[in-house]
Number of protein chains: 2
Amino acid sequence: MDNLKQRVEDIGVVYEQFGKTPIASRVFSFLLLAEPSYKTFDEIREFLNASKSAVSNAINGHLQDGTINYKTFSGDRKRYFYLDLENWKKRVEEYAKKLYDFNNVMEDVLKHRSNNDIEFNNKLKDVIDFQNFLNQKIDEAIRKWEEN
Amino acid sequence: MDNLKQRVEDIGVVYEQFGKTPIASRVFSFLLLAEPSYKTFDEIREFLNASKSAVSNAINGHLQDGTINYKTFSGDRKRYFYLDLENWKKRVEEYAKKLYDFNNVMEDVLKHRSNNDIEFNNKLKDVIDFQNFLNQKIDEAIRKWEEN
DNA sequence: ATTTCAGTTCTTAATTTGCAGAACTAAAAA
DNA sequence: TTTTTAGTTCTGCAAATTAAGAACTGAAAT
C-alpha cells in the first residue's frame, strides 16, 4: 500500500508548478493526502525521507504564507501541522492584490505615455480595464464565498 | 532624461514578482514604457546593456507564453517586438486553467480519502467548490470582455 | 539540575539558474 | 559568391537555491 508515497510524489510534482521547492511541494502534498490530516514534524520528515533542515525550512515557508498551520494538544509538546484550508481564500486575495497593484503600475505608465502611439495606449487601457473588471469579480466571488 | 532607464529598472523589479528572470522582466518593462512600442532585438539589447544570449532567451520565453509578439516591415529583415496586449486575456485564461487542473487533482484526492476525517474533507470540499466558483467567474469575465 | 525533546540554525556540498562572450547559422544583400 | 545581418546556440563561470548533517537552543520532563 505504498502507493501513498507515490501519490505524494506525483501531486508534489504537480504542485511544483506553483513555484515551490520539491520538498515544500511534497510537504503540501503529504498533508493533503495524509490521514489523519495533521502530522508532526518528525512524521513528515520520516515519510518524506528528508533532512530536518529541509523540512524545517519548508514548513516555515508554508507557515509564512499561510498554506499550513499547526495545532497542539495539552500534554504533548509536538506541533501538529495541517493544511490551513480555511485560509485558502485569503491567499487567493493576496494574489489578487498583487495583480491589482501591478495594474496600478500600468495605469501610471499609461498616464505618462505620450500621444504618439494611440493604438498601443488604447490596448493598454483595455488591458487595465479588463484587469480591474477581473479583480472586481474575484473580490466579489471571495465576498460571496465568505457570507456562507 | 535617463529616468527612462530607471523606470524600466523599477517596473522590472516589480514584474519579477511574477516569477520572471531579471532580464525577462526588464524586456517586458522596456516594451511597456518604450516609444514607439515596438523595438528590435538590438535596440532592446543595447538599452538593457545585456548580452545577446540573455536577450534572445528572454524574448523567446516571452514569445512562448504569448507575452510579446513581433511584426516585420517589408524591406527590413529585423523583427520588431512588442507587448502582445491583445493576448492578455488568453494568458489569464491559461493561468486559470492551471488552477482548474489543480482543482481536479484535489477533487480526485477528496474522492479517495476515507471518512475518518470528515472535518478536513468538508473543508477540502469547500476549497474545491470555491475554486470552481472562482474559475467560473474568471471565465465569465473573460467572455464578457471578449464580446465588446 | 540534568536530560530529553522538538525543532532551529549553521556550515557545507551539490545542483540549478542566469548570464556573458564567442562561435555559429541561415537568410538576405552586395 | 562573399559578406552582412539578425539573431541562436554553445561553453563556461558566478551566484543563488536546495538540501544534508551536525551543532545548537530553549522549553519541558525527570
# chains A, B, ... in the order shown; residues from 1 in each chain; ligands from 1
$ interface_residues --of "chain A" --to "chain B" --cutoff "8 Å" --atoms "only C-alpha atoms" --output "PyMOL selection string"
chain A and resi 11+14-15+19+32-33+35-37+85-86+88+102+105+109+113+116-117+120+123-124+127+130+133-134+137-138+141-142+145
$ write_last_selection --atoms "N, CA and C atoms" --output "compact mmCIF listing (two decimals), in the first residue's frame"
# COMPACT_ATOMS: atom_id res chain seq x y z
N ILE A 11 1.63 14.23 -6.83
CA ILE A 11 0.96 15.51 -6.60
C ILE A 11 2.00 16.57 -6.24
N VAL A 14 3.17 18.05 -9.40
CA VAL A 14 2.18 18.98 -9.94
C VAL A 14 2.27 20.31 -9.19
N TYR A 15 2.38 20.22 -7.87
CA TYR A 15 2.37 21.43 -7.06
C TYR A 15 3.61 22.30 -7.29
N GLY A 19 5.66 27.17 -8.15
CA GLY A 19 6.89 27.82 -7.73
C GLY A 19 7.46 27.38 -6.41
N LEU A 32 -2.03 16.99 2.24
CA LEU A 32 -3.30 16.89 1.51
C LEU A 32 -3.83 15.46 1.51
N LEU A 33 -2.91 14.51 1.46
CA LEU A 33 -3.30 13.10 1.34
C LEU A 33 -3.35 12.37 2.67
N GLU A 35 -3.73 10.82 6.38
CA GLU A 35 -4.80 10.60 7.35
C GLU A 35 -4.17 10.08 8.64
N PRO A 36 -4.43 10.73 9.76
CA PRO A 36 -5.21 11.95 9.86
C PRO A 36 -4.50 13.11 9.17
N SER A 37 -5.19 14.20 9.02
CA SER A 37 -4.71 15.28 8.17
C SER A 37 -3.70 16.19 8.88
N LEU A 85 -6.81 25.02 5.20
CA LEU A 85 -7.75 25.18 4.08
C LEU A 85 -8.66 26.39 4.27
N GLU A 86 -8.87 26.76 5.54
CA GLU A 86 -9.74 27.92 5.78
C GLU A 86 -9.06 29.22 5.36
N TRP A 88 -7.46 29.53 2.58
CA TRP A 88 -7.32 29.49 1.11
C TRP A 88 -7.75 30.79 0.44
N PHE A 102 -0.12 45.61 -9.63
CA PHE A 102 0.57 45.76 -10.91
C PHE A 102 -0.29 46.53 -11.90
N VAL A 105 0.39 50.04 -11.47
CA VAL A 105 1.64 50.40 -12.12
C VAL A 105 1.38 50.68 -13.60
N VAL A 109 1.81 54.01 -15.90
CA VAL A 109 2.55 54.04 -17.15
C VAL A 109 1.72 54.72 -18.23
N ARG A 113 2.53 58.07 -20.73
CA ARG A 113 2.90 57.87 -22.14
C ARG A 113 2.44 59.05 -23.00
N ASN A 116 1.76 59.63 -29.01
CA ASN A 116 2.29 59.24 -30.32
C ASN A 116 1.93 57.83 -30.72
N ASP A 117 1.35 57.08 -29.81
CA ASP A 117 1.15 55.65 -30.08
C ASP A 117 -0.24 55.26 -29.57
N PHE A 120 -1.37 51.62 -29.23
CA PHE A 120 -0.84 50.91 -28.07
C PHE A 120 -1.52 51.39 -26.79
N LYS A 123 -4.91 49.88 -26.36
CA LYS A 123 -4.86 48.47 -25.96
C LYS A 123 -4.46 48.35 -24.50
N LEU A 124 -3.51 49.17 -24.11
CA LEU A 124 -3.08 49.15 -22.71
C LEU A 124 -4.26 49.50 -21.80
N VAL A 127 -6.48 46.54 -21.46
CA VAL A 127 -5.94 45.55 -20.53
C VAL A 127 -6.19 45.98 -19.09
N PHE A 130 -9.81 45.58 -18.26
CA PHE A 130 -10.12 44.17 -18.09
C PHE A 130 -9.64 43.66 -16.74
N PHE A 133 -11.77 44.90 -13.99
CA PHE A 133 -13.03 44.16 -14.02
C PHE A 133 -12.85 42.79 -13.39
N LEU A 134 -11.77 42.12 -13.79
CA LEU A 134 -11.49 40.78 -13.29
C LEU A 134 -11.22 40.80 -11.79
N LYS A 137 -14.37 41.06 -9.98
CA LYS A 137 -15.10 39.79 -9.98
C LYS A 137 -14.51 38.82 -8.95
N ILE A 138 -13.20 38.85 -8.86
CA ILE A 138 -12.55 37.96 -7.91
C ILE A 138 -12.91 38.36 -6.49
N ALA A 141 -16.41 37.29 -5.80
CA ALA A 141 -16.51 35.86 -5.55
C ALA A 141 -16.06 35.52 -4.14
N ILE A 142 -14.98 36.16 -3.72
CA ILE A 142 -14.48 35.91 -2.36
C ILE A 142 -15.51 36.35 -1.34
N TRP A 145 -18.36 33.90 -1.18
CA TRP A 145 -17.98 32.65 -0.51
C TRP A 145 -17.96 32.85 1.00
$ interface_residues --of "chain D" --to "chain B" --cutoff "8 Å" --atoms "only C-alpha atoms (C1' of nucleotides)" --output "NGL selection string"
:D and (6-8)
$ write_last_selection --atoms "C-alpha atoms (C1' of nucleotides)" --output "short mmCIF file (atom, residue, chain, number, x, y, z; two decimals), in the first residue's frame"
data_model
loop_
_atom_site.label_atom_id
_atom_site.label_comp_id
_atom_site.auth_asym_id
_atom_site.auth_seq_id
_atom_site.Cartn_x
_atom_site.Cartn_y
_atom_site.Cartn_z
"C1'" DA D 6 19.84 39.16 -37.20
"C1'" DG D 7 19.67 36.55 -34.35
"C1'" DT D 8 20.69 31.43 -32.00
#
$ atom_distance --atom1 "CA of Val55 (chain B)" --atom2 "CA of Lys5 (chain B)"
16.4 Å
$ closest_atom_pairs --of "chain C" --to "chain A" --cutoff "9 Å" --atoms "only C-alpha atoms (C1' of nucleotides)" --output "tab-separated table"
residue	atom	partner	partner_atom	distance
C:DC5	C1'	A:Arg77	CA	8.5
C:DA6	C1'	A:Lys78	CA	6.5
C:DG7	C1'	A:Ser56	CA	7.6
C:DT8	C1'	A:Ser56	CA	7.6
C:DT9	C1'	A:Ser53	CA	8.6
$ closest_residue --among "D:DT9, D:DA29, D:DA22, D:DA16" --to "DA23 (chain C)" --atoms "only C-alpha atoms (C1' of nucleotides)"
D:DT9
$ select_by_dssp --residues "chain A" --states "helix (DSSP H, G or I)" --output "ChimeraX atom specification"
/A:3-18,22-33,41-48,52-64,85-112,118-146
$ select_by_dssp --residues "chain A" --states "strand (DSSP E)" --output "VMD selection string"
chain A and resid 38 to 40 68 to 73 76 to 83
$ atom_distance --atom1 "CA of Leu48 (chain B)" --atom2 "CA of Thr21 (chain B)"
13.5 Å
$ atom_distance --atom1 "C1' of DC24 (chain D)" --atom2 "CA of Ala58 (chain A)"
19.9 Å
$ residues_around --residues "Arg26 (chain A)" --least-positions-apart "5" --cutoff "7 Å" --atoms "only C-alpha atoms (C1' of nucleotides)" --output "tab-separated table (two decimals) with N, CA and C atoms, in the first residue's frame"
chain	number	residue	atom	x	y	z
A	8	VAL	N	2.02	10.99	-3.16
A	8	VAL	CA	2.61	12.21	-2.61
A	8	VAL	C	3.63	12.78	-3.60
A	9	GLU	N	4.43	11.90	-4.16
A	9	GLU	CA	5.41	12.37	-5.15
A	9	GLU	C	4.71	12.99	-6.36
A	12	GLY	N	3.05	16.15	-5.57
A	12	GLY	CA	4.16	17.07	-5.30
A	12	GLY	C	4.70	17.67	-6.58
$ residues_around --residues "region 12-22 of chain C" --least-positions-apart "3" --cutoff "10 Å" --atoms "only C-alpha atoms (C1' of nucleotides)" --output "compact mmCIF listing (two decimals) with N, CA and C atoms (P, O5', C5', C4', C3', O3' and C1' of nucleotides), in the first residue's frame"
# COMPACT_ATOMS: atom_id res chain seq x y z
N THR B 21 12.73 36.13 -14.82
CA THR B 21 14.12 36.45 -14.53
C THR B 21 14.31 37.96 -14.66
N PRO B 22 15.38 38.48 -14.08
CA PRO B 22 15.66 39.91 -14.17
C PRO B 22 15.60 40.44 -15.61
N ILE B 23 16.29 39.80 -16.52
CA ILE B 23 16.32 40.34 -17.87
C ILE B 23 14.97 40.20 -18.57
N ALA B 50 22.62 44.28 -22.04
CA ALA B 50 22.72 42.86 -21.73
C ALA B 50 23.30 42.10 -22.91
N SER B 51 23.61 40.87 -22.70
CA SER B 51 24.21 40.06 -23.76
C SER B 51 23.14 39.58 -24.74
N LYS B 52 23.58 39.25 -25.93
CA LYS B 52 22.64 38.73 -26.93
C LYS B 52 21.95 37.47 -26.44
N SER B 53 22.70 36.58 -25.81
CA SER B 53 22.09 35.32 -25.39
C SER B 53 21.01 35.56 -24.35
N ALA B 54 21.28 36.44 -23.41
CA ALA B 54 20.29 36.71 -22.37
C ALA B 54 19.03 37.29 -22.99
N VAL B 55 19.22 38.24 -23.90
CA VAL B 55 18.06 38.86 -24.55
C VAL B 55 17.33 37.85 -25.42
P DC D 10 23.38 24.02 -29.20
O5' DC D 10 24.82 24.49 -28.69
C5' DC D 10 25.87 24.70 -29.65
C4' DC D 10 27.14 25.13 -28.91
C3' DC D 10 27.44 24.30 -27.67
O3' DC D 10 28.82 24.00 -27.67
C1' DC D 10 27.32 26.59 -27.10
P DT D 11 29.40 22.98 -26.58
O5' DT D 11 30.25 23.95 -25.65
C5' DT D 11 31.07 24.95 -26.25
C4' DT D 11 31.74 25.78 -25.18
C3' DT D 11 32.05 25.04 -23.88
O3' DT D 11 33.36 25.38 -23.50
C1' DT D 11 30.74 26.96 -23.42
P DG D 12 34.03 24.75 -22.20
O5' DG D 12 33.85 25.90 -21.12
C5' DG D 12 34.30 27.22 -21.40
C4' DG D 12 33.81 28.14 -20.30
C3' DG D 12 34.00 27.58 -18.89
O3' DG D 12 34.46 28.62 -18.07
C1' DG D 12 31.80 28.24 -19.16
P DC D 13 35.34 28.29 -16.78
O5' DC D 13 35.18 29.59 -15.88
C5' DC D 13 34.77 30.83 -16.46
C4' DC D 13 33.60 31.40 -15.69
C3' DC D 13 33.66 31.16 -14.18
O3' DC D 13 33.45 32.40 -13.56
C1' DC D 13 31.52 30.68 -14.97
P DA D 14 34.13 32.71 -12.13
O5' DA D 14 33.14 33.79 -11.51
C5' DA D 14 32.31 34.58 -12.36
C4' DA D 14 30.98 34.80 -11.67
C3' DA D 14 31.04 34.77 -10.15
O3' DA D 14 30.28 35.88 -9.71
C1' DA D 14 29.47 33.17 -10.92
P DA D 15 30.07 36.20 -8.17
O5' DA D 15 28.52 35.83 -7.99
C5' DA D 15 27.58 36.27 -8.96
C4' DA D 15 26.25 35.66 -8.63
C3' DA D 15 25.90 35.68 -7.15
O3' DA D 15 24.55 36.07 -7.06
C1' DA D 15 25.74 33.46 -7.96
P DA D 16 23.84 36.37 -5.67
O5' DA D 16 22.70 35.26 -5.69
C5' DA D 16 21.97 35.04 -6.89
C4' DA D 16 21.16 33.79 -6.76
C3' DA D 16 20.49 33.61 -5.41
O3' DA D 16 19.14 33.22 -5.67
C1' DA D 16 21.73 31.68 -5.94
P DT D 17 18.08 33.05 -4.46
O5' DT D 17 17.80 31.48 -4.52
C5' DT D 17 18.12 30.80 -5.71
C4' DT D 17 17.77 29.34 -5.63
C3' DT D 17 16.91 28.86 -4.47
O3' DT D 17 16.05 27.86 -5.00
C1' DT D 17 19.00 27.74 -4.40
P DT D 18 14.86 27.15 -4.18
O5' DT D 18 15.56 25.82 -3.68
C5' DT D 18 15.94 24.84 -4.63
C4' DT D 18 16.61 23.69 -3.93
C3' DT D 18 15.88 23.19 -2.68
O3' DT D 18 15.53 21.84 -2.90
C1' DT D 18 18.21 23.45 -2.29
P DA D 19 14.65 21.05 -1.82
O5' DA D 19 15.77 20.34 -0.94
C5' DA D 19 16.67 19.45 -1.60
C4' DA D 19 17.84 19.14 -0.68
C3' DA D 19 17.46 18.58 0.69
O3' DA D 19 18.03 17.30 0.84
C1' DA D 19 19.13 20.23 0.86
P DA D 20 17.62 16.35 2.06
O5' DA D 20 19.07 16.07 2.65
C5' DA D 20 20.12 15.67 1.78
C4' DA D 20 21.44 15.72 2.51
C3' DA D 20 21.42 15.04 3.88
O3' DA D 20 22.52 14.17 3.98
C1' DA D 20 22.18 17.29 4.08
P DG D 21 22.58 13.14 5.20
O5' DG D 21 23.47 13.91 6.29
C5' DG D 21 24.72 14.48 5.89
C4' DG D 21 25.35 15.17 7.09
C3' DG D 21 25.05 14.50 8.42
O3' DG D 21 26.22 14.55 9.21
C1' DG D 21 24.34 16.72 8.51
